[in-house]
>>> print(open('coords-v3.cif').read())   # mmCIF, C-alpha atoms
data_model
#
loop_
_atom_site.group_PDB
_atom_site.id
_atom_site.type_symbol
_atom_site.label_atom_id
_atom_site.label_comp_id
_atom_site.auth_asym_id
_atom_site.auth_seq_id
_atom_site.Cartn_x
_atom_site.Cartn_y
_atom_site.Cartn_z
ATOM 1 C CA MET Z 910 0.000 0.000 0.000
ATOM 2 C CA PHE Z 911 1.218 3.487 -0.858
ATOM 3 C CA ASN Z 912 2.376 5.362 2.228
ATOM 4 C CA ALA Z 913 3.696 8.910 1.889
ATOM 5 C CA LEU Z 914 5.495 8.636 5.231
ATOM 6 C CA TYR Z 915 7.786 5.966 3.814
ATOM 7 C CA PHE Z 916 8.768 8.297 0.963
ATOM 8 C CA ARG Z 917 9.338 11.163 3.419
ATOM 9 C CA THR Z 918 11.606 8.966 5.533
ATOM 10 C CA PHE Z 919 13.523 7.889 2.426
ATOM 11 C CA ILE Z 920 14.059 11.510 1.312
ATOM 12 C CA THR Z 921 15.398 12.428 4.746
ATOM 13 C CA LEU Z 922 17.681 9.400 4.797
ATOM 14 C CA VAL Z 923 19.205 10.255 1.430
ATOM 15 C CA GLU Z 924 19.682 13.908 2.402
ATOM 16 C CA THR Z 925 21.285 13.169 5.790
ATOM 17 C CA GLY Z 926 23.162 10.061 4.707
ATOM 18 C CA SER Z 927 22.576 8.577 8.149
ATOM 19 C CA PHE Z 928 19.929 6.392 9.796
ATOM 20 C CA THR Z 929 20.799 7.976 13.145
ATOM 21 C CA GLN Z 930 20.393 11.571 11.920
ATOM 22 C CA THR Z 931 17.201 10.635 10.075
ATOM 23 C CA ALA Z 932 15.720 9.194 13.256
ATOM 24 C CA ARG Z 933 16.691 12.326 15.175
ATOM 25 C CA ARG Z 934 15.294 14.713 12.567
ATOM 26 C CA LEU Z 935 11.985 12.831 12.219
ATOM 27 C CA GLU Z 936 11.765 12.103 15.960
ATOM 28 C CA MET Z 937 11.698 8.358 15.341
ATOM 29 C CA THR Z 938 13.705 5.403 16.548
ATOM 30 C CA GLN Z 939 16.455 4.078 14.319
ATOM 31 C CA PRO Z 940 14.679 0.698 13.973
ATOM 32 C CA GLY Z 941 11.593 2.660 12.925
ATOM 33 C CA VAL Z 942 13.562 4.327 10.119
ATOM 34 C CA SER Z 943 14.861 0.928 8.960
ATOM 35 C CA GLN Z 944 11.335 -0.441 8.999
ATOM 36 C CA HIS Z 945 10.047 2.401 6.791
ATOM 37 C CA ILE Z 946 12.791 1.753 4.256
ATOM 38 C CA ARG Z 947 12.061 -1.989 4.209
ATOM 39 C CA LYS Z 948 8.334 -1.319 3.767
ATOM 40 C CA LEU Z 949 9.066 1.036 0.871
ATOM 41 C CA GLU Z 950 11.326 -1.541 -0.797
ATOM 42 C CA GLN Z 951 8.621 -4.167 -0.370
ATOM 43 C CA TYR Z 952 6.028 -1.823 -1.893
ATOM 44 C CA LEU Z 953 8.240 -0.991 -4.886
ATOM 45 C CA GLN Z 954 9.639 -4.533 -5.086
ATOM 46 C CA LYS Z 955 13.090 -3.035 -5.596
ATOM 47 C CA SER Z 956 16.192 -2.690 -3.471
ATOM 48 C CA LEU Z 957 16.858 1.008 -2.872
ATOM 49 C CA LEU Z 958 20.130 0.865 -0.940
ATOM 50 C CA ASN Z 959 23.475 -0.842 -1.291
ATOM 51 C CA ARG Z 960 24.422 -1.268 2.376
ATOM 52 C CA HIS Z 961 28.077 -1.108 3.452
ATOM 53 C CA GLY Z 962 28.009 -1.544 7.222
ATOM 54 C CA ARG Z 963 26.701 1.758 8.633
ATOM 55 C CA ARG Z 964 27.091 3.441 5.262
ATOM 56 C CA PHE Z 965 25.039 3.019 2.107
ATOM 57 C CA THR Z 966 24.822 4.079 -1.521
ATOM 58 C CA LEU Z 967 21.741 4.311 -3.702
ATOM 59 C CA THR Z 968 20.864 1.720 -6.300
ATOM 60 C CA GLU Z 969 19.563 2.912 -9.659
ATOM 61 C CA ALA Z 970 16.043 2.262 -8.345
ATOM 62 C CA GLY Z 971 16.966 4.264 -5.238
ATOM 63 C CA ARG Z 972 18.084 7.269 -7.269
ATOM 64 C CA ARG Z 973 14.899 7.207 -9.329
ATOM 65 C CA THR Z 974 12.781 6.800 -6.213
ATOM 66 C CA TYR Z 975 14.461 9.784 -4.562
ATOM 67 C CA ASP Z 976 13.864 11.991 -7.640
ATOM 68 C CA TYR Z 977 10.227 10.906 -7.752
ATOM 69 C CA ALA Z 978 9.717 11.462 -4.017
ATOM 70 C CA VAL Z 979 11.150 14.989 -4.137
ATOM 71 C CA LYS Z 980 8.856 15.852 -7.039
ATOM 72 C CA LEU Z 981 5.903 14.217 -5.294
ATOM 73 C CA PHE Z 982 6.269 16.290 -2.132
ATOM 74 C CA ALA Z 983 6.946 19.500 -4.054
ATOM 75 C CA GLU Z 984 3.694 19.017 -5.966
ATOM 76 C CA HIS Z 985 1.932 18.185 -2.725
ATOM 77 C CA GLU Z 986 3.095 21.424 -1.112
ATOM 78 C CA HIS Z 987 2.099 23.431 -4.163
ATOM 79 C CA PHE Z 988 -1.353 21.834 -4.178
ATOM 80 C CA ARG Z 989 -1.782 22.430 -0.450
ATOM 81 C CA HIS Z 990 -0.906 26.112 -0.770
ATOM 82 C CA SER Z 991 -3.144 26.490 -3.822
ATOM 83 C CA LEU Z 992 -6.136 25.703 -1.613
ATOM 84 C CA ASP Z 993 -5.335 28.624 0.670
ATOM 85 C CA ASP Z 994 -7.117 31.694 -0.643
ATOM 86 C CA GLU Z 995 -5.422 33.787 2.048
ATOM 87 C CA SER Z 996 -1.908 33.047 0.800
ATOM 88 C CA LEU Z 997 -0.278 36.065 -0.863
ATOM 89 C CA ASP Z 998 2.596 34.298 -2.600
ATOM 90 C CA SER Z 999 1.387 30.808 -3.505
ATOM 91 C CA GLY Z 1000 -1.414 29.176 -5.450
ATOM 92 C CA GLU Z 1001 -2.701 29.296 -9.002
ATOM 93 C CA CYS Z 1002 -3.572 32.485 -10.870
ATOM 94 C CA ARG Z 1003 -5.999 32.067 -13.780
ATOM 95 C CA LEU Z 1004 -6.693 35.309 -15.585
ATOM 96 C CA ALA Z 1005 -7.200 36.879 -18.977
ATOM 97 C CA SER Z 1006 -6.917 40.303 -20.557
ATOM 98 C CA PRO Z 1007 -6.781 41.976 -23.963
ATOM 99 C CA GLY Z 1008 -3.377 42.095 -25.582
ATOM 100 C CA SER Z 1009 -3.032 45.823 -24.875
ATOM 101 C CA VAL Z 1010 -2.947 45.064 -21.127
ATOM 102 C CA GLY Z 1011 -1.209 41.709 -21.205
ATOM 103 C CA LEU Z 1012 1.814 42.995 -23.128
ATOM 104 C CA MET Z 1013 2.996 44.590 -19.884
ATOM 105 C CA PHE Z 1014 0.962 42.871 -17.152
ATOM 106 C CA TYR Z 1015 1.945 39.309 -18.126
ATOM 107 C CA PRO Z 1016 5.735 39.969 -17.960
ATOM 108 C CA PHE Z 1017 5.131 41.725 -14.624
ATOM 109 C CA ILE Z 1018 3.411 38.609 -13.264
ATOM 110 C CA LEU Z 1019 6.191 36.353 -14.572
ATOM 111 C CA GLY Z 1020 8.739 38.456 -12.703
ATOM 112 C CA TYR Z 1021 6.590 38.188 -9.599
ATOM 113 C CA GLN Z 1022 6.399 34.412 -10.072
ATOM 114 C CA GLN Z 1023 10.198 34.217 -10.196
ATOM 115 C CA MET Z 1024 10.319 35.737 -6.718
ATOM 116 C CA HIS Z 1025 7.466 33.580 -5.390
ATOM 117 C CA THR Z 1026 7.934 30.072 -6.768
ATOM 118 C CA GLY Z 1027 4.760 28.846 -5.060
ATOM 119 C CA LEU Z 1028 2.731 30.730 -7.667
ATOM 120 C CA THR Z 1029 1.660 29.329 -11.021
ATOM 121 C CA VAL Z 1030 0.173 31.530 -13.716
ATOM 122 C CA ASN Z 1031 -2.257 30.684 -16.486
ATOM 123 C CA TYR Z 1032 -2.674 33.840 -18.570
ATOM 124 C CA SER Z 1033 -4.817 34.160 -21.691
ATOM 125 C CA PHE Z 1034 -4.905 36.971 -24.234
ATOM 126 C CA ALA Z 1035 -8.478 37.395 -25.460
ATOM 127 C CA PHE Z 1036 -11.184 39.836 -26.484
ATOM 128 C CA ASN Z 1037 -13.697 41.247 -24.007
ATOM 129 C CA SER Z 1038 -16.523 38.891 -24.952
ATOM 130 C CA GLU Z 1039 -14.291 35.818 -24.671
ATOM 131 C CA ILE Z 1040 -12.983 36.942 -21.289
ATOM 132 C CA VAL Z 1041 -16.478 37.447 -19.921
ATOM 133 C CA ALA Z 1042 -17.588 34.020 -21.183
ATOM 134 C CA ASP Z 1043 -14.546 32.330 -19.613
ATOM 135 C CA VAL Z 1044 -15.107 33.982 -16.226
ATOM 136 C CA LEU Z 1045 -18.754 32.917 -16.349
ATOM 137 C CA GLY Z 1046 -17.704 29.384 -17.241
ATOM 138 C CA GLY Z 1047 -15.176 29.176 -14.415
ATOM 139 C CA ARG Z 1048 -12.176 28.887 -16.741
ATOM 140 C CA HIS Z 1049 -10.684 32.116 -15.316
ATOM 141 C CA ASP Z 1050 -10.930 33.593 -11.835
ATOM 142 C CA LEU Z 1051 -10.275 37.118 -13.073
ATOM 143 C CA GLY Z 1052 -10.754 39.019 -16.290
ATOM 144 C CA ILE Z 1053 -9.500 42.470 -17.241
ATOM 145 C CA ILE Z 1054 -11.708 44.124 -19.843
ATOM 146 C CA THR Z 1055 -11.899 47.502 -21.574
ATOM 147 C CA GLU Z 1056 -15.675 47.928 -21.403
ATOM 148 C CA PRO Z 1057 -17.960 47.534 -18.368
ATOM 149 C CA VAL Z 1058 -20.316 44.570 -18.374
ATOM 150 C CA ARG Z 1059 -23.627 44.019 -16.593
ATOM 151 C CA HIS Z 1060 -24.575 40.465 -15.726
ATOM 152 C CA PRO Z 1061 -26.361 39.058 -12.669
ATOM 153 C CA GLU Z 1062 -23.600 36.481 -12.103
ATOM 154 C CA LEU Z 1063 -20.650 38.857 -12.487
ATOM 155 C CA ASN Z 1064 -18.999 41.628 -10.499
ATOM 156 C CA CYS Z 1065 -17.435 44.405 -12.546
ATOM 157 C CA GLU Z 1066 -15.343 47.193 -11.020
ATOM 158 C CA LEU Z 1067 -13.177 50.003 -12.353
ATOM 159 C CA TRP Z 1068 -9.516 49.211 -11.833
ATOM 160 C CA HIS Z 1069 -7.120 51.432 -13.744
ATOM 161 C CA GLN Z 1070 -6.835 53.997 -16.521
ATOM 162 C CA GLU Z 1071 -4.165 54.245 -19.205
ATOM 163 C CA PRO Z 1072 -3.612 57.287 -21.451
ATOM 164 C CA LEU Z 1073 -4.441 56.889 -25.122
ATOM 165 C CA CYS Z 1074 -1.699 57.863 -27.560
ATOM 166 C CA LEU Z 1075 -1.948 59.177 -31.105
ATOM 167 C CA VAL Z 1076 0.947 57.446 -32.872
ATOM 168 C CA VAL Z 1077 2.281 58.361 -36.313
ATOM 169 C CA PRO Z 1078 5.356 57.382 -38.345
ATOM 170 C CA ALA Z 1079 8.576 58.866 -36.990
ATOM 171 C CA ASP Z 1080 9.032 61.072 -40.082
ATOM 172 C CA PHE Z 1081 5.467 62.451 -40.021
ATOM 173 C CA THR Z 1082 5.524 66.265 -40.091
ATOM 174 C CA GLY Z 1083 1.825 67.078 -39.960
ATOM 175 C CA THR Z 1084 0.005 68.476 -36.948
ATOM 176 C CA GLY Z 1085 -3.667 68.873 -37.865
ATOM 177 C CA TRP Z 1086 -6.705 66.740 -38.587
ATOM 178 C CA ASN Z 1087 -6.355 67.118 -42.364
ATOM 179 C CA ASP Z 1088 -2.785 65.827 -42.196
ATOM 180 C CA LEU Z 1089 -4.015 62.736 -40.350
ATOM 181 C CA VAL Z 1090 -6.787 62.171 -42.892
ATOM 182 C CA ALA Z 1091 -4.206 62.310 -45.685
ATOM 183 C CA LEU Z 1092 -2.115 59.716 -43.847
ATOM 184 C CA GLY Z 1093 -4.967 57.284 -43.186
ATOM 185 C CA PHE Z 1094 -5.918 55.138 -40.183
ATOM 186 C CA VAL Z 1095 -4.693 51.662 -39.204
ATOM 187 C CA ASN Z 1096 -7.498 49.919 -37.328
ATOM 188 C CA TYR Z 1097 -7.701 47.113 -34.741
ATOM 189 C CA SER Z 1098 -10.424 45.691 -32.518
ATOM 190 C CA ASP Z 1099 -10.841 48.741 -30.253
ATOM 191 C CA GLY Z 1100 -9.222 51.146 -32.676
ATOM 192 C CA LEU Z 1101 -12.256 53.073 -33.901
ATOM 193 C CA GLN Z 1102 -13.597 53.568 -30.396
ATOM 194 C CA HIS Z 1103 -10.261 54.814 -29.054
ATOM 195 C CA ALA Z 1104 -9.599 57.034 -32.045
ATOM 196 C CA THR Z 1105 -13.063 58.605 -31.856
ATOM 197 C CA GLN Z 1106 -12.635 59.409 -28.159
ATOM 198 C CA LEU Z 1107 -9.185 60.947 -28.517
ATOM 199 C CA LEU Z 1108 -9.718 62.826 -31.782
ATOM 200 C CA ARG Z 1109 -13.108 64.260 -30.816
ATOM 201 C CA ALA Z 1110 -11.605 65.695 -27.622
ATOM 202 C CA ASN Z 1111 -8.597 67.230 -29.412
ATOM 203 C CA PHE Z 1112 -10.001 68.309 -32.791
ATOM 204 C CA PRO Z 1113 -13.511 69.459 -31.780
ATOM 205 C CA ASP Z 1114 -13.944 71.886 -34.660
ATOM 206 C CA GLU Z 1115 -12.766 69.543 -37.414
ATOM 207 C CA PHE Z 1116 -13.491 65.986 -36.344
ATOM 208 C CA ARG Z 1117 -16.925 64.575 -37.170
ATOM 209 C CA SER Z 1118 -16.441 60.819 -37.362
ATOM 210 C CA MET Z 1119 -13.861 58.224 -38.298
ATOM 211 C CA SER Z 1120 -15.849 57.453 -41.440
ATOM 212 C CA ARG Z 1121 -14.138 60.434 -43.073
ATOM 213 C CA CYS Z 1122 -10.688 58.973 -42.471
ATOM 214 C CA PRO Z 1123 -9.391 56.435 -45.037
ATOM 215 C CA ARG Z 1124 -8.684 52.981 -43.609
ATOM 216 C CA GLN Z 1125 -5.232 51.640 -44.299
ATOM 217 C CA GLY Z 1126 -5.821 48.171 -42.905
ATOM 218 C CA PHE Z 1127 -6.927 46.135 -39.905
ATOM 219 C CA THR Z 1128 -5.388 43.578 -37.547
ATOM 220 C CA ASN Z 1129 -6.924 41.891 -34.527
ATOM 221 C CA GLU Z 1130 -3.527 41.964 -32.749
ATOM 222 C CA VAL Z 1131 -3.030 45.455 -31.357
ATOM 223 C CA SER Z 1132 0.745 45.127 -30.989
ATOM 224 C CA MET Z 1133 1.091 44.602 -34.744
ATOM 225 C CA VAL Z 1134 -0.616 47.922 -35.444
ATOM 226 C CA MET Z 1135 2.647 49.579 -34.459
ATOM 227 C CA ASP Z 1136 4.462 47.728 -37.223
ATOM 228 C CA ALA Z 1137 2.082 49.186 -39.815
ATOM 229 C CA VAL Z 1138 2.499 52.701 -38.395
ATOM 230 C CA ALA Z 1139 6.283 52.312 -38.316
ATOM 231 C CA ARG Z 1140 6.216 51.441 -42.019
ATOM 232 C CA GLY Z 1141 4.431 54.716 -42.787
ATOM 233 C CA LEU Z 1142 1.115 53.090 -43.682
ATOM 234 C CA GLY Z 1143 -1.021 55.253 -41.403
ATOM 235 C CA PHE Z 1144 -1.665 56.493 -37.883
ATOM 236 C CA SER Z 1145 -3.421 54.805 -34.992
ATOM 237 C CA VAL Z 1146 -4.588 55.433 -31.423
ATOM 238 C CA VAL Z 1147 -3.389 52.927 -28.834
ATOM 239 C CA SER Z 1148 -3.013 52.580 -25.082
ATOM 240 C CA ARG Z 1149 0.293 53.802 -23.682
ATOM 241 C CA LEU Z 1150 0.881 50.216 -22.545
ATOM 242 C CA VAL Z 1151 1.068 49.229 -26.214
ATOM 243 C CA LEU Z 1152 3.409 52.071 -27.118
ATOM 244 C CA GLU Z 1153 5.795 51.394 -24.220
ATOM 245 C CA THR Z 1154 6.082 47.675 -24.972
ATOM 246 C CA SER Z 1155 6.337 47.952 -28.746
ATOM 247 C CA PRO Z 1156 9.564 46.883 -30.478
ATOM 248 C CA TRP Z 1157 8.756 49.582 -33.072
ATOM 249 C CA GLN Z 1158 8.521 52.501 -30.650
ATOM 250 C CA ARG Z 1159 11.692 54.093 -32.104
ATOM 251 C CA GLN Z 1160 10.141 54.029 -35.590
ATOM 252 C CA VAL Z 1161 7.003 55.871 -34.480
ATOM 253 C CA LYS Z 1162 6.274 58.948 -32.419
ATOM 254 C CA GLU Z 1163 3.431 60.156 -30.260
ATOM 255 C CA LEU Z 1164 1.825 63.431 -31.252
ATOM 256 C CA SER Z 1165 1.453 65.801 -28.324
ATOM 257 C CA LEU Z 1166 -2.191 66.703 -27.735
ATOM 258 C CA PRO Z 1167 -3.766 69.216 -25.323
ATOM 259 C CA GLN Z 1168 -6.491 66.914 -23.982
ATOM 260 C CA VAL Z 1169 -5.611 63.635 -22.264
ATOM 261 C CA VAL Z 1170 -8.079 60.793 -22.832
ATOM 262 C CA HIS Z 1171 -7.844 57.453 -21.041
ATOM 263 C CA GLU Z 1172 -8.709 53.868 -21.748
ATOM 264 C CA THR Z 1173 -10.531 52.567 -18.672
ATOM 265 C CA LEU Z 1174 -9.834 49.027 -17.511
ATOM 266 C CA TYR Z 1175 -12.310 46.979 -15.495
ATOM 267 C CA LEU Z 1176 -12.000 43.846 -13.375
ATOM 268 C CA VAL Z 1177 -14.612 41.149 -13.862
ATOM 269 C CA THR Z 1178 -15.091 38.234 -11.466
ATOM 270 C CA HIS Z 1179 -17.811 35.693 -10.736
ATOM 271 C CA SER Z 1180 -20.194 36.958 -8.085
ATOM 272 C CA SER Z 1181 -20.409 33.551 -6.390
ATOM 273 C CA THR Z 1182 -16.704 33.438 -5.453
ATOM 274 C CA GLU Z 1183 -14.378 35.747 -3.557
ATOM 275 C CA LEU Z 1184 -11.161 36.631 -5.344
ATOM 276 C CA PRO Z 1185 -8.134 35.191 -3.456
ATOM 277 C CA ARG Z 1186 -5.842 37.732 -1.847
ATOM 278 C CA ARG Z 1187 -2.929 36.876 -4.139
ATOM 279 C CA TYR Z 1188 -4.822 38.437 -7.058
ATOM 280 C CA ARG Z 1189 -5.482 41.654 -5.169
ATOM 281 C CA ARG Z 1190 -1.818 42.069 -4.337
ATOM 282 C CA LEU Z 1191 -0.743 41.445 -7.922
ATOM 283 C CA LEU Z 1192 -3.283 43.956 -9.201
ATOM 284 C CA GLU Z 1193 -2.359 46.608 -6.662
ATOM 285 C CA GLU Z 1194 1.390 46.259 -7.117
ATOM 286 C CA PHE Z 1195 1.098 46.497 -10.896
ATOM 287 C CA ARG Z 1196 -1.158 49.544 -10.635
ATOM 288 C CA GLU Z 1197 1.246 51.215 -8.209
ATOM 289 C CA GLN Z 1198 4.106 50.573 -10.637
ATOM 290 C CA ARG Z 1199 2.113 52.162 -13.439
ATOM 291 C CA ARG Z 1200 1.242 55.144 -11.245
ATOM 292 C CA HIS Z 1201 4.921 55.595 -10.592
ATOM 293 C CA ASP Z 1202 5.805 55.351 -14.287
ATOM 294 C CA LEU Z 1203 3.015 57.661 -15.418
ATOM 295 C CA TYR Z 1204 2.427 60.100 -12.602
ATOM 296 C CA GLY Z 1205 5.010 59.627 -9.865
ATOM 297 C CA TYR Z 1206 2.524 57.980 -7.497
ATOM 298 C CA SER Z 1207 -0.055 60.723 -7.851
ATOM 299 C CA GLU Z 1208 -3.185 59.472 -6.125
ATOM 300 C CA THR Z 1209 -5.313 61.958 -8.038
ATOM 301 C CA ALA Z 1210 -3.999 61.037 -11.474
ATOM 302 C CA GLU Z 1211 -6.852 58.658 -12.097
#
>>> encode(input="coords-v3.cif", output="structure tokens")
Amino acid sequence: MFNALYFRTFITLVETGSFTQTARRLEMTQPGVSQHIRKLEQYLQKSLLNRHGRRFTLTEAGRRTYDYAVKLFAEHEHFRHSLDDESLDSGECRLASPGSVGLMFYPFILGYQQMHTGLTVNYSFAFNSEIVADVLGGRHDLGIITEPVRHPELNCELWHQEPLCLVVPADFTGTGWNDLVALGFVNYSDGLQHATQLLRANFPDEFRSMSRCPRQGFTNEVSMVMDAVARGLGFSVVSRLVLETSPWQRQVKELSLPQVVHETLYLVTHSSTELPRRYRRLLEEFREQRRHDLYGYSETAE
């Protein structure tokens, strides 16, 4: 019969190299340690030790058993901590966001995971509707979306705001609405909405609608919009998160505008479950980092 205690005793024996020290560490008798090892060998039907008086070496089966036992107990500890919703630095994180957010938030979480090895992260890049459906279906604990949602089984709360940026090719010399129209617009999933918000606020006398601006293409991957702009194919309006993480940011530039307009980000969770504390700390630490980068920790910036 499988007995985890036998594996624990075997791990300790291998690590101490001594039956006496193993008995002392586990608060057992030395005959008790020997009995556990014999029981484990009987269970596996393999000899685990080559005994040389008071000393021993591992057989091939012993080496494989030790590797398996270490992995077994590591997985056990990870599973045990994953059940603790109060733990701040262990457990599983299942979340999703649009690419505009995930381009920076996902690497942030990976860095956090490196410091807290008890965490595992399952991160999906998806559109708002897919994120909402996955939270409803229990496939994600947390979703970050760019539009508020109303549903009797969901909680939706405002989380963070990112400035929208009007990006043009680096050699663009225009400044007005007509210059942008002549350049053309590169669209993506939220592109028209973001462009309308930013351009209406900054060109109130000239802007009527995006229908008057020629379309130079579309991609459903917001990060690739920057490639098109860098090649001189048009302008676009993206979150600052996209601009700051883009490998093409040196080939584009942001036009300075008098009115700042933000993309608002919302958190969506299932109303029947309480979000574990580890999520709240991740969210708050990322937001504080962004406040520092954008505003120098200004509490009134949002």
>>> resolve_selection(input="coords-v3.cif", expression="the PyMOL selection byres ((chain Z and resi 1006-1018) around 7)", output="list of chain:residue names")
Z:Ala1005, Z:Leu1019, Z:Gly1020, Z:Tyr1021, Z:Gln1022, Z:Ser1033, Z:Phe1034, Z:Ala1035, Z:Phe1036, Z:Asn1037, Z:Ile1040, Z:Gly1052, Z:Ile1053, Z:Ile1054, Z:Val1131, Z:Ser1148, Z:Leu1150, Z:Val1151, Z:Thr1154
>>> resolve_selection(input="coords-v3.cif", expression="the PyMOL selection byres ((chain Z and resi 1029) around 8)", output="list in words")
Ser999, Gly1000, Glu1001, Cys1002, Gln1022, Thr1026, Gly1027, Leu1028, Val1030 and Asn1031 of chain Z
>>> closest_residue(input="coords-v3.cif", among="Z:Val1177, Z:Ala978, Z:Leu1166, Z:Met1024", to="Leu1067 of chain Z", atoms="all atoms listed in the file")
Z:Val1177
>>> residues_around(input="coords-v3.cif", residues="Gly1085 of chain Z", least_positions_apart="2", cutoff="12 Å", atoms="all atoms listed in the file", output="VMD selection string")
chain Z and resid 1075 1081 to 1083 1087 to 1092 1108 1111 to 1116 1164 to 1166
>>> closest_residue(input="coords-v3.cif", among="Z:Ile946, Z:Leu957, Z:Leu1004, Z:Leu1176", to="His1069 of chain Z", atoms="all atoms listed in the file")
Z:Leu1176
>>> resolve_selection(input="coords-v3.cif", expression="the PyMOL selection byres ((chain Z and resi 928) around 12)", output="PyMOL selection string")
chain Z and resi 918-927+929-946+960+962-965
>>> write_last_selection(input="coords-v3.cif", atoms="C-alpha atoms", output="PDB file, keeping the file's coordinate frame")
ATOM      1  CA  THR Z 918      11.606   8.966   5.533  1.00  0.00           C
ATOM      2  CA  PHE Z 919      13.523   7.889   2.426  1.00  0.00           C
ATOM      3  CA  ILE Z 920      14.059  11.510   1.312  1.00  0.00           C
ATOM      4  CA  THR Z 921      15.398  12.428   4.746  1.00  0.00           C
ATOM      5  CA  LEU Z 922      17.681   9.400   4.797  1.00  0.00           C
ATOM      6  CA  VAL Z 923      19.205  10.255   1.430  1.00  0.00           C
ATOM      7  CA  GLU Z 924      19.682  13.908   2.402  1.00  0.00           C
ATOM      8  CA  THR Z 925      21.285  13.169   5.790  1.00  0.00           C
ATOM      9  CA  GLY Z 926      23.162  10.061   4.707  1.00  0.00           C
ATOM     10  CA  SER Z 927      22.576   8.577   8.149  1.00  0.00           C
ATOM     11  CA  THR Z 929      20.799   7.976  13.145  1.00  0.00           C
ATOM     12  CA  GLN Z 930      20.393  11.571  11.920  1.00  0.00           C
ATOM     13  CA  THR Z 931      17.201  10.635  10.075  1.00  0.00           C
ATOM     14  CA  ALA Z 932      15.720   9.194  13.256  1.00  0.00           C
ATOM     15  CA  ARG Z 933      16.691  12.326  15.175  1.00  0.00           C
ATOM     16  CA  ARG Z 934      15.294  14.713  12.567  1.00  0.00           C
ATOM     17  CA  LEU Z 935      11.985  12.831  12.219  1.00  0.00           C
ATOM     18  CA  GLU Z 936      11.765  12.103  15.960  1.00  0.00           C
ATOM     19  CA  MET Z 937      11.698   8.358  15.341  1.00  0.00           C
ATOM     20  CA  THR Z 938      13.705   5.403  16.548  1.00  0.00           C
ATOM     21  CA  GLN Z 939      16.455   4.078  14.319  1.00  0.00           C
ATOM     22  CA  PRO Z 940      14.679   0.698  13.973  1.00  0.00           C
ATOM     23  CA  GLY Z 941      11.593   2.660  12.925  1.00  0.00           C
ATOM     24  CA  VAL Z 942      13.562   4.327  10.119  1.00  0.00           C
ATOM     25  CA  SER Z 943      14.861   0.928   8.960  1.00  0.00           C
ATOM     26  CA  GLN Z 944      11.335  -0.441   8.999  1.00  0.00           C
ATOM     27  CA  HIS Z 945      10.047   2.401   6.791  1.00  0.00           C
ATOM     28  CA  ILE Z 946      12.791   1.753   4.256  1.00  0.00           C
ATOM     29  CA  ARG Z 960      24.422  -1.268   2.376  1.00  0.00           C
ATOM     30  CA  GLY Z 962      28.009  -1.544   7.222  1.00  0.00           C
ATOM     31  CA  ARG Z 963      26.701   1.758   8.633  1.00  0.00           C
ATOM     32  CA  ARG Z 964      27.091   3.441   5.262  1.00  0.00           C
ATOM     33  CA  PHE Z 965      25.039   3.019   2.107  1.00  0.00           C
TER      34      PHE Z 965
END
>>> residues_around(input="coords-v3.cif", residues="Val1138 of chain Z", least_positions_apart="4", cutoff="7 Å", atoms="all atoms listed in the file", output="list of chain:residue names")
Z:Val1077, Z:Pro1078, Z:Val1134, Z:Leu1142, Z:Gly1143, Z:Phe1144, Z:Val1161
>>> atom_distance(input="coords-v3.cif", atom1="atom CA of Asp1099 of chain Z", atom2="atom CA of Arg1149 of chain Z")
13.9 Å
